[in-house]
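File shown: structure.cif. Contents: mmCIF, C-alpha atoms.
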data_structure
#
loop_
_atom_site.label_atom_id
_atom_site.label_comp_id
_atom_site.auth_asym_id
_atom_site.auth_seq_id
_atom_site.Cartn_x
_atom_site.Cartn_y
_atom_site.Cartn_z
CA MET C 1 32.67 20.11 57.25
CA LEU C 2 32.49 20.28 53.44
CA PRO C 3 32.59 24.09 53.02
CA PHE C 4 35.74 24.19 55.18
CA ALA C 5 37.36 21.29 53.31
CA GLN C 6 36.63 23.01 49.98
CA GLY C 7 37.93 26.37 51.17
CA GLN C 8 34.60 28.20 50.96
CA LEU C 9 34.81 28.91 54.69
CA ALA C 10 37.89 29.50 56.83
CA TRP C 11 38.43 27.62 60.06
CA PRO C 12 38.63 30.37 62.71
CA THR C 13 41.25 30.84 65.40
CA GLY C 14 38.69 31.76 68.07
CA PRO C 15 36.40 29.53 70.14
CA ILE C 16 34.05 27.15 68.32
CA ALA C 17 30.82 25.64 69.66
CA PHE C 18 29.39 22.40 68.19
CA LEU C 19 25.74 21.82 69.13
CA ARG C 20 24.37 18.25 69.02
CA ALA C 21 27.95 17.33 68.24
CA ARG C 22 28.90 13.93 66.84
CA ASP C 23 32.35 12.54 66.24
CA GLY C 24 33.52 11.77 62.72
CA ALA C 25 36.58 11.44 60.54
CA ALA C 26 35.80 14.74 58.78
CA LEU C 27 36.55 16.62 62.00
CA ARG C 28 40.13 15.33 62.01
CA GLN C 29 41.09 17.60 59.13
CA PHE C 30 40.99 20.60 61.44
CA PRO C 31 42.55 21.70 64.75
CA LEU C 32 40.05 20.88 67.45
CA SER C 33 41.61 22.38 70.58
CA GLN C 34 39.20 25.31 70.59
CA LEU C 35 36.11 23.13 69.99
CA VAL C 36 33.44 22.82 72.70
CA CYS C 37 30.97 20.01 71.97
CA GLU C 38 27.46 20.09 73.42
CA GLN C 39 25.78 16.67 73.37
CA SER C 40 22.98 15.44 75.63
CA PHE C 41 22.68 11.93 74.12
CA ARG C 42 24.96 9.69 76.14
CA PRO C 43 26.23 7.31 73.40
CA ASP C 44 27.33 10.23 71.22
CA ALA C 45 28.79 12.09 74.20
CA GLU C 46 30.88 9.04 75.12
CA LEU C 47 32.29 8.78 71.59
CA LEU C 48 33.29 12.44 71.71
CA GLU C 49 34.90 12.00 75.14
CA HIS C 50 36.81 8.92 73.99
CA ALA C 51 38.14 10.97 71.06
CA GLY C 52 39.57 13.48 73.54
CA LEU C 53 37.15 16.29 72.71
CA ASN C 54 35.77 18.76 75.23
CA VAL C 55 32.15 17.78 75.93
CA VAL C 56 29.67 19.88 77.93
CA ALA C 57 26.01 19.41 78.79
CA ASP C 58 25.12 23.04 78.07
CA ALA C 59 27.21 25.36 75.90
CA VAL C 60 25.18 28.36 77.07
CA ALA C 61 26.15 27.90 80.71
CA ASP C 62 29.62 29.48 80.40
CA ALA C 63 28.21 32.57 78.59
CA ALA C 64 31.04 32.44 76.01
CA ARG C 65 30.57 33.77 72.48
CA HIS C 66 31.99 31.89 69.53
CA ALA C 67 33.55 32.81 66.21
CA LEU C 68 31.94 29.72 64.71
CA VAL C 69 28.92 27.69 65.80
CA LEU C 70 28.44 24.29 64.18
CA VAL C 71 25.05 22.64 64.61
CA LEU C 72 23.40 19.35 63.63
CA PRO C 73 19.68 20.15 64.04
CA PRO C 74 17.37 17.27 65.03
CA ARG C 75 14.38 16.02 63.09
CA GLN C 76 11.74 17.51 65.41
CA ARG C 77 10.89 20.95 63.98
CA GLU C 78 10.30 22.92 67.19
CA GLU C 79 13.44 21.53 68.81
CA ALA C 80 15.42 22.24 65.63
CA ARG C 81 14.25 25.85 65.44
CA ALA C 82 15.07 26.40 69.10
CA LEU C 83 18.54 24.94 68.51
CA LEU C 84 19.16 27.24 65.53
CA ALA C 85 18.12 30.20 67.69
CA ARG C 86 20.58 29.10 70.40
CA ALA C 87 23.31 28.77 67.78
CA VAL C 88 22.74 32.35 66.63
CA ARG C 89 22.81 33.58 70.24
CA LEU C 90 26.10 31.75 70.86
CA ALA C 91 27.83 33.39 67.90
CA SER C 92 30.01 36.41 68.56
CA PRO C 93 29.54 39.61 66.49
CA GLY C 94 30.84 38.75 63.03
CA GLY C 95 30.69 35.03 63.78
CA ILE C 96 28.86 32.52 61.60
CA VAL C 97 26.54 29.56 62.09
CA VAL C 98 27.01 26.44 59.95
CA ALA C 99 24.32 23.74 60.02
CA ALA C 100 23.92 20.37 58.33
CA MET C 101 21.04 17.88 58.06
CA THR C 102 20.33 14.75 56.06
CA ASN C 103 17.76 15.16 53.33
CA ASN C 104 15.31 12.71 54.93
CA GLU C 105 15.41 14.57 58.24
CA GLY C 106 14.15 17.90 56.93
CA ALA C 107 17.26 19.52 55.44
CA LYS C 108 15.28 21.83 53.15
CA SER C 109 13.13 23.00 56.05
CA GLY C 110 16.18 23.54 58.23
CA GLU C 111 17.84 25.60 55.52
CA ALA C 112 14.71 27.71 55.08
CA ASP C 113 14.48 28.24 58.85
CA LEU C 114 18.07 29.47 59.22
CA LYS C 115 17.62 31.74 56.19
CA GLN C 116 14.49 33.21 57.72
CA LEU C 117 16.21 33.72 61.08
CA ALA C 118 19.57 35.17 60.06
CA GLY C 119 20.03 35.02 56.29
CA LEU C 120 22.29 32.67 54.36
CA ALA C 121 25.63 33.13 52.64
CA GLY C 122 25.86 29.68 51.05
CA THR C 123 24.68 26.10 50.82
CA LEU C 124 26.08 22.77 49.58
CA THR C 125 24.52 19.36 48.98
CA LYS C 126 26.38 16.05 48.99
CA PHE C 127 26.15 12.58 50.59
CA HIS C 128 22.31 12.93 50.71
CA CYS C 129 22.84 15.86 53.09
CA ARG C 130 22.64 19.61 52.96
CA THR C 131 24.92 22.08 54.74
CA PHE C 132 24.09 25.79 54.92
CA TRP C 133 25.60 28.78 56.66
CA THR C 134 24.95 32.39 57.58
CA ARG C 135 26.74 35.58 56.66
CA PRO C 136 28.89 37.04 59.46
CA LEU C 137 26.25 37.88 62.03
CA ASP C 138 25.58 41.51 62.86
CA ASP C 139 22.29 43.39 62.71
CA GLY C 140 20.69 41.20 60.04
CA ILE C 141 19.08 38.88 62.59
CA ASP C 142 15.29 38.77 62.96
CA THR C 143 15.28 39.53 66.69
CA ALA C 144 11.54 38.97 67.12
CA LEU C 145 11.81 35.52 65.54
CA LEU C 146 14.92 34.82 67.60
CA GLU C 147 12.99 35.44 70.80
CA LYS C 148 10.05 33.32 69.63
CA TRP C 149 12.12 30.34 68.51
CA THR C 150 14.35 30.34 71.58
CA SER C 151 11.42 29.19 73.71
CA LEU C 152 9.98 26.63 71.28
CA ASP C 153 11.48 23.62 73.08
CA ALA C 154 10.99 24.96 76.60
CA PRO C 155 9.60 22.44 79.14
CA ARG C 156 5.81 22.55 79.43
CA ARG C 157 3.03 20.69 81.17
CA ILE C 158 1.14 17.91 79.37
CA GLU C 159 -1.67 15.51 80.26
CA GLY C 160 -3.60 18.08 82.23
CA GLY C 161 -0.48 19.27 84.02
CA ARG C 162 0.52 15.85 85.34
CA PHE C 163 3.86 15.66 83.52
CA LEU C 164 6.51 18.13 82.44
CA SER C 165 7.84 17.47 78.93
CA ARG C 166 9.43 19.24 75.97
CA PRO C 167 9.77 18.83 72.18
CA GLY C 168 12.41 16.36 71.07
CA VAL C 169 11.83 13.92 73.93
CA PHE C 170 10.24 10.60 72.93
CA ALA C 171 6.43 10.93 72.76
CA TRP C 172 6.91 14.39 74.23
CA ASN C 173 3.31 15.66 74.05
CA ARG C 174 1.38 12.54 75.02
CA ILE C 175 1.47 9.26 76.89
CA ASP C 176 2.96 6.72 74.51
CA PRO C 177 0.28 4.07 73.77
CA ALA C 178 2.76 1.21 74.09
CA SER C 179 3.81 2.42 77.54
CA ALA C 180 0.16 2.84 78.52
CA LEU C 181 -0.50 -0.78 77.50
CA LEU C 182 2.44 -1.95 79.58
CA VAL C 183 1.12 -0.08 82.62
CA GLU C 184 -2.25 -1.83 82.26
CA HIS C 185 -0.53 -5.20 82.64
CA LEU C 186 1.84 -4.40 85.49
CA PRO C 187 0.90 -6.41 88.58
CA SER C 188 0.60 -4.58 91.90
CA ASP C 189 2.91 -7.08 93.65
CA ILE C 190 6.07 -5.79 91.95
CA ALA C 191 8.49 -5.21 94.82
CA GLY C 192 12.09 -4.62 95.81
CA HIS C 193 14.79 -2.74 93.93
CA GLY C 194 13.98 -2.18 90.27
CA ALA C 195 14.98 -0.28 87.15
CA ASP C 196 13.27 1.49 84.28
CA LEU C 197 15.41 1.15 81.14
CA GLY C 198 14.91 4.03 78.72
CA ALA C 199 12.82 5.97 81.21
CA GLY C 200 12.03 9.01 79.04
CA TYR C 201 10.26 11.76 80.96
CA GLY C 202 9.29 9.29 83.67
CA TYR C 203 5.80 8.02 82.83
CA LEU C 204 6.44 4.31 83.50
CA SER C 205 8.36 4.99 86.70
CA SER C 206 5.65 7.33 87.95
CA GLU C 207 3.00 4.67 87.40
CA LEU C 208 5.13 1.98 89.05
CA LEU C 209 5.59 4.03 92.21
CA ALA C 210 1.88 4.88 92.32
CA ARG C 211 0.71 1.27 91.86
CA CYS C 212 3.29 -0.88 93.65
CA ALA C 213 3.74 -0.16 97.35
CA GLY C 214 6.38 -2.89 97.71
CA ILE C 215 8.98 -1.03 95.65
CA THR C 216 11.86 0.04 97.88
CA ALA C 217 14.14 1.62 95.26
CA LEU C 218 13.87 2.54 91.59
CA ASP C 219 16.69 3.45 89.20
CA LEU C 220 15.84 5.37 86.04
CA TYR C 221 18.25 4.85 83.12
CA GLU C 222 18.01 7.28 80.22
CA ALA C 223 20.50 8.13 77.47
CA GLU C 224 18.99 11.55 76.73
CA ALA C 225 19.89 14.04 79.45
CA ARG C 226 17.05 16.38 78.48
CA ALA C 227 14.53 13.62 79.19
CA LEU C 228 16.23 12.55 82.41
CA GLU C 229 15.93 16.02 83.93
CA LEU C 230 12.21 15.99 83.14
CA ALA C 231 11.87 12.60 84.84
CA ARG C 232 13.61 13.95 87.93
CA THR C 233 11.05 16.75 88.11
CA ASN C 234 8.07 14.52 87.36
CA LEU C 235 8.93 11.94 90.02
CA ALA C 236 9.50 14.60 92.67
CA ALA C 237 5.71 14.70 93.11
CA SER C 238 5.49 10.99 93.94
CA THR C 239 4.48 10.15 97.53
CA SER C 240 6.23 6.78 97.39
CA SER C 241 8.88 6.15 100.03
CA ALA C 242 11.08 4.36 97.46
CA THR C 243 14.50 5.89 96.86
CA ARG C 244 15.19 7.02 93.30
CA GLU C 245 18.33 7.30 91.21
CA PHE C 246 18.49 9.09 87.86
CA LEU C 247 21.27 7.76 85.67
CA TRP C 248 22.45 9.33 82.40
CA HIS C 249 23.56 6.06 80.90
CA ASP C 250 23.70 4.04 77.68
CA VAL C 251 21.87 0.84 78.62
CA THR C 252 23.49 -1.11 75.78
CA ARG C 253 26.80 -0.89 77.67
CA GLY C 254 25.37 -2.92 80.56
CA LEU C 255 24.13 -2.05 84.06
CA PRO C 256 26.17 -1.69 87.25
CA THR C 257 23.52 -3.06 89.66
CA ARG C 258 21.48 -6.25 90.17
CA TYR C 259 17.71 -5.89 90.32
CA ASP C 260 14.57 -7.65 91.51
CA PHE C 261 12.56 -6.34 88.55
CA ILE C 262 13.00 -4.30 85.38
CA VAL C 263 10.47 -2.53 83.18
CA SER C 264 11.19 -1.15 79.73
CA ASN C 265 9.76 0.26 76.54
CA PRO C 266 13.07 -0.05 74.68
CA PRO C 267 13.99 2.05 71.65
CA PHE C 268 14.14 0.23 68.34
CA HIS C 269 15.45 2.98 66.08
CA THR C 270 18.18 5.58 66.02
CA GLN C 271 17.62 9.29 66.57
CA SER C 272 17.24 9.61 62.79
CA ARG C 273 14.35 7.11 62.95
CA ALA C 274 16.22 4.31 61.17
CA ASP C 275 15.00 0.88 62.35
CA ARG C 276 17.43 -0.78 64.76
CA PRO C 277 15.78 -3.80 66.39
CA ASP C 278 19.21 -4.82 67.66
CA ILE C 279 19.01 -1.99 70.21
CA GLY C 280 15.88 -3.52 71.77
CA GLN C 281 17.47 -6.96 71.65
CA ARG C 282 20.46 -5.61 73.52
CA PHE C 283 18.15 -4.05 76.15
CA ILE C 284 16.66 -7.50 76.71
CA SER C 285 20.07 -9.17 77.06
CA VAL C 286 21.27 -6.46 79.47
CA ALA C 287 18.09 -6.81 81.53
CA ALA C 288 18.66 -10.57 81.80
CA GLU C 289 22.24 -9.99 82.94
CA ALA C 290 21.17 -7.44 85.55
CA LEU C 291 18.23 -9.34 87.07
CA LYS C 292 18.69 -11.54 90.10
CA PRO C 293 17.63 -15.20 89.75
CA GLY C 294 13.84 -15.19 89.79
CA GLY C 295 13.78 -11.51 88.85
CA ARG C 296 11.06 -10.30 86.48
CA LEU C 297 11.16 -8.27 83.27
CA TRP C 298 8.10 -6.43 81.99
CA LEU C 299 8.59 -5.16 78.46
CA VAL C 300 6.46 -3.67 75.68
CA ALA C 301 7.31 -3.65 71.98
CA ASN C 302 5.82 -3.41 68.53
CA ARG C 303 4.35 -6.78 67.65
CA HIS C 304 6.53 -7.22 64.55
CA LEU C 305 9.88 -6.80 66.31
CA PRO C 306 12.00 -9.98 66.43
CA TYR C 307 12.58 -10.21 70.18
CA GLU C 308 11.36 -13.75 70.89
CA GLN C 309 14.66 -15.54 70.25
CA THR C 310 16.57 -13.15 72.50
CA LEU C 311 13.94 -13.49 75.20
CA ASN C 312 13.93 -17.29 75.03
CA ASP C 313 17.72 -17.40 75.09
CA SER C 314 17.91 -15.08 78.11
CA PHE C 315 14.99 -16.08 80.35
CA GLY C 316 13.58 -19.25 81.84
CA ASP C 317 9.91 -18.28 81.50
CA VAL C 318 8.53 -16.00 78.78
CA ARG C 319 4.89 -15.21 78.01
CA VAL C 320 2.84 -12.64 76.17
CA ALA C 321 0.85 -10.83 78.85
CA GLY C 322 -1.23 -8.68 76.50
CA GLU C 323 -1.60 -7.33 72.97
CA ARG C 324 -3.36 -4.34 71.42
CA ASP C 325 -3.03 -1.92 68.51
CA GLY C 326 0.11 -3.58 67.15
CA PHE C 327 1.91 -3.76 70.52
CA LYS C 328 2.73 -6.72 72.75
CA VAL C 329 3.54 -6.87 76.46
CA ILE C 330 6.08 -9.52 77.46
CA ALA C 331 6.50 -10.88 80.98
CA ALA C 332 9.73 -12.84 81.53
CA ILE C 333 11.29 -14.45 84.61
CA LYS C 334 15.00 -15.14 84.96
CA ALA C 335 15.68 -18.78 85.70
CA ARG C 336 16.72 -19.72 89.22
CA ARG C 337 20.02 -21.55 89.22
#
Represent the structure of the file as structure tokens.
Amino acid sequence: MLPFAQGQLAWPTGPIAFLRARDGAALRQFPLSQLVCEQSFRPDAELLEHAGLNVVADAVADAARHALVLVLPPRQREEARALLARAVRLASPGGIVVAAMTNNEGAKSGEADLKQLAGLAGTLTKFHCRTFWTRPLDDGIDTALLEKWTSLDAPRRIEGGRFLSRPGVFAWNRIDPASALLVEHLPSDIAGHGADLGAGYGYLSSELLARCAGITALDLYEAEARALELARTNLAASTSSATREFLWHDVTRGLPTRYDFIVSNPPFHTQSRADRPDIGQRFISVAAEALKPGGRLWLVANRHLPYEQTLNDSFGDVRVAGERDGFKVIAAIKARR
């Protein structure tokens, strides 16, 4: 928001799109009634909703064009380039695109990408961040590059076609080795109604349904809507008779259902890759709250993460089921009371 606050850019009267929008005090300096916020990460979307802002899953869906498009590109380069291309497409003739990134998330690369795509009119650096913006958009856009970058984060098949994934999703182009280790230690007698916390594109859930015939229902919880839609597609091929629910939900806020079992490869950092072991600790506490007495948790984590105290405080029986390559698999049983 710095170029607007300093008067280098004027806040328009027309519609404004904000891609990967996040709430913040800097927004409050400006009238926000015309702002449409696109955010697929549930915790950020909830903060925007609580602030009274208009939040949508897909700003492209209404086919509107915008006098201003604000964008916070992600760290992943292909996803970021695709997002910049979408921002340019969303701008009306004569509109501008304004982007901002932190320096440790590729701000220089993001600036160079937008310059290559549509040209730049200005740039500012402050707060260990960089903001950069286009000239009013007309015929100066590299249309060939626009077409190429638009499809960079399109869903595609991985692992020999077994799974559909896309850039920006966790471990998007491979099976995460920690999740693979967890699968190796899952017993075939897992049964009943269970949940996968932080389900990603659905690898763990797919393996559970393939290996455990006693599962009657499985709920997939995922904060990133882009990943959840992939999981829905990937589990459609399962021959299991278990019912499935796909829930766009922030696990740290608790779960609405009680379960016989839970599996999880919980996140331990923010989207900017900053370490946040407290997120994984909260996943463990929420799992303990949601499990029925005697219910089982199967969890995988980096060996160095400080989860033992939370596990011991929350469960009656905790053991390390396996270790490899810096990862540990934890099996925990909720005490019967």
Produce a table with one row for each residue of region 179-203 of chain C that has an atom at most 12 Å from any atom of region 245-258 of chain C, each row naming the nearest atom pair and its distance in Å at one decimal; use all atoms listed in the file; arrange rows by chain and rising residue number; format as CSV.
residue,atom,partner,partner_atom,distance
C:Gly192,CA,C:Arg258,CA,11.1
C:His193,CA,C:Arg258,CA,8.4
C:Gly194,CA,C:Arg258,CA,8.5
C:Ala195,CA,C:Glu245,CA,9.2
C:Asp196,CA,C:Phe246,CA,9.9
C:Leu197,CA,C:Val251,CA,6.9
C:Gly198,CA,C:Val251,CA,7.7
C:Ala199,CA,C:Phe246,CA,9.3
C:Gly200,CA,C:Phe246,CA,10.9
C:Tyr201,CA,C:Phe246,CA,11.1
C:Gly202,CA,C:Phe246,CA,10.1
* **Hits of the PyMOL selection byres ((chain C and resi 96) around 12) in this structure, as a ChimeraX atom specification** => /C:9-12,14-17,65-71,84,87-95,97-99,114,118-122,132-138,141
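Note that CA of Tyr203 (chain C) and CA of Glu289 (chain C) are 24.4 Å apart.
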* **Pairwise distance for CA of Phe261 (chain C) and CA of Leu297 (chain C), rounded to one decimal in Å** =>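 Interatomic distance, CA of Phe261 (chain C) to CA of Leu297 (chain C): 5.8 Å.
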Contacts of region 158-167 of chain C at 8 Å (only C-alpha atoms; same-chain gap of 3+ positions) as an mmCIF file with C-alpha atoms, in the frame of the given file:
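Done, and the output landed in out_26.cif:
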data_model
loop_
_atom_site.group_PDB
_atom_site.id
_atom_site.type_symbol
_atom_site.label_atom_id
_atom_site.label_comp_id
_atom_site.auth_asym_id
_atom_site.auth_seq_id
_atom_site.Cartn_x
_atom_site.Cartn_y
_atom_site.Cartn_z
ATOM 1 C CA GLN C 76 11.740 17.510 65.410
ATOM 2 C CA GLU C 78 10.300 22.920 67.190
ATOM 3 C CA GLU C 79 13.440 21.530 68.810
ATOM 4 C CA LEU C 152 9.980 26.630 71.280
ATOM 5 C CA ASP C 153 11.480 23.620 73.080
ATOM 6 C CA ALA C 154 10.990 24.960 76.600
ATOM 7 C CA PRO C 155 9.600 22.440 79.140
ATOM 8 C CA TRP C 172 6.910 14.390 74.230
ATOM 9 C CA ASN C 173 3.310 15.660 74.050
ATOM 10 C CA ARG C 174 1.380 12.540 75.020
ATOM 11 C CA ILE C 175 1.470 9.260 76.890
ATOM 12 C CA TYR C 201 10.260 11.760 80.960
ATOM 13 C CA TYR C 203 5.800 8.020 82.830
ATOM 14 C CA ALA C 227 14.530 13.620 79.190
ATOM 15 C CA LEU C 230 12.210 15.990 83.140
ATOM 16 C CA THR C 233 11.050 16.750 88.110
ATOM 17 C CA ASN C 234 8.070 14.520 87.360
#
Residues matched by the PyMOL selection byres ((chain C and resi 331-335) around 7) as a short mmCIF file (atom, residue, chain, number, x, y, z; two decimals) with C-alpha atoms, keeping the file's coordinate frame:
data_model
loop_
_atom_site.label_atom_id
_atom_site.label_comp_id
_atom_site.auth_asym_id
_atom_site.auth_seq_id
_atom_site.Cartn_x
_atom_site.Cartn_y
_atom_site.Cartn_z
CA ALA C 288 18.66 -10.57 81.80
CA LEU C 291 18.23 -9.34 87.07
CA PRO C 293 17.63 -15.20 89.75
CA GLY C 294 13.84 -15.19 89.79
CA GLY C 295 13.78 -11.51 88.85
CA ARG C 296 11.06 -10.30 86.48
CA LEU C 297 11.16 -8.27 83.27
CA TRP C 298 8.10 -6.43 81.99
CA LEU C 299 8.59 -5.16 78.46
CA PHE C 315 14.99 -16.08 80.35
CA GLY C 316 13.58 -19.25 81.84
CA ASP C 317 9.91 -18.28 81.50
CA VAL C 318 8.53 -16.00 78.78
CA ARG C 319 4.89 -15.21 78.01
CA VAL C 320 2.84 -12.64 76.17
CA ALA C 321 0.85 -10.83 78.85
CA VAL C 329 3.54 -6.87 76.46
CA ILE C 330 6.08 -9.52 77.46
CA ARG C 336 16.72 -19.72 89.22
CA ARG C 337 20.02 -21.55 89.22
#
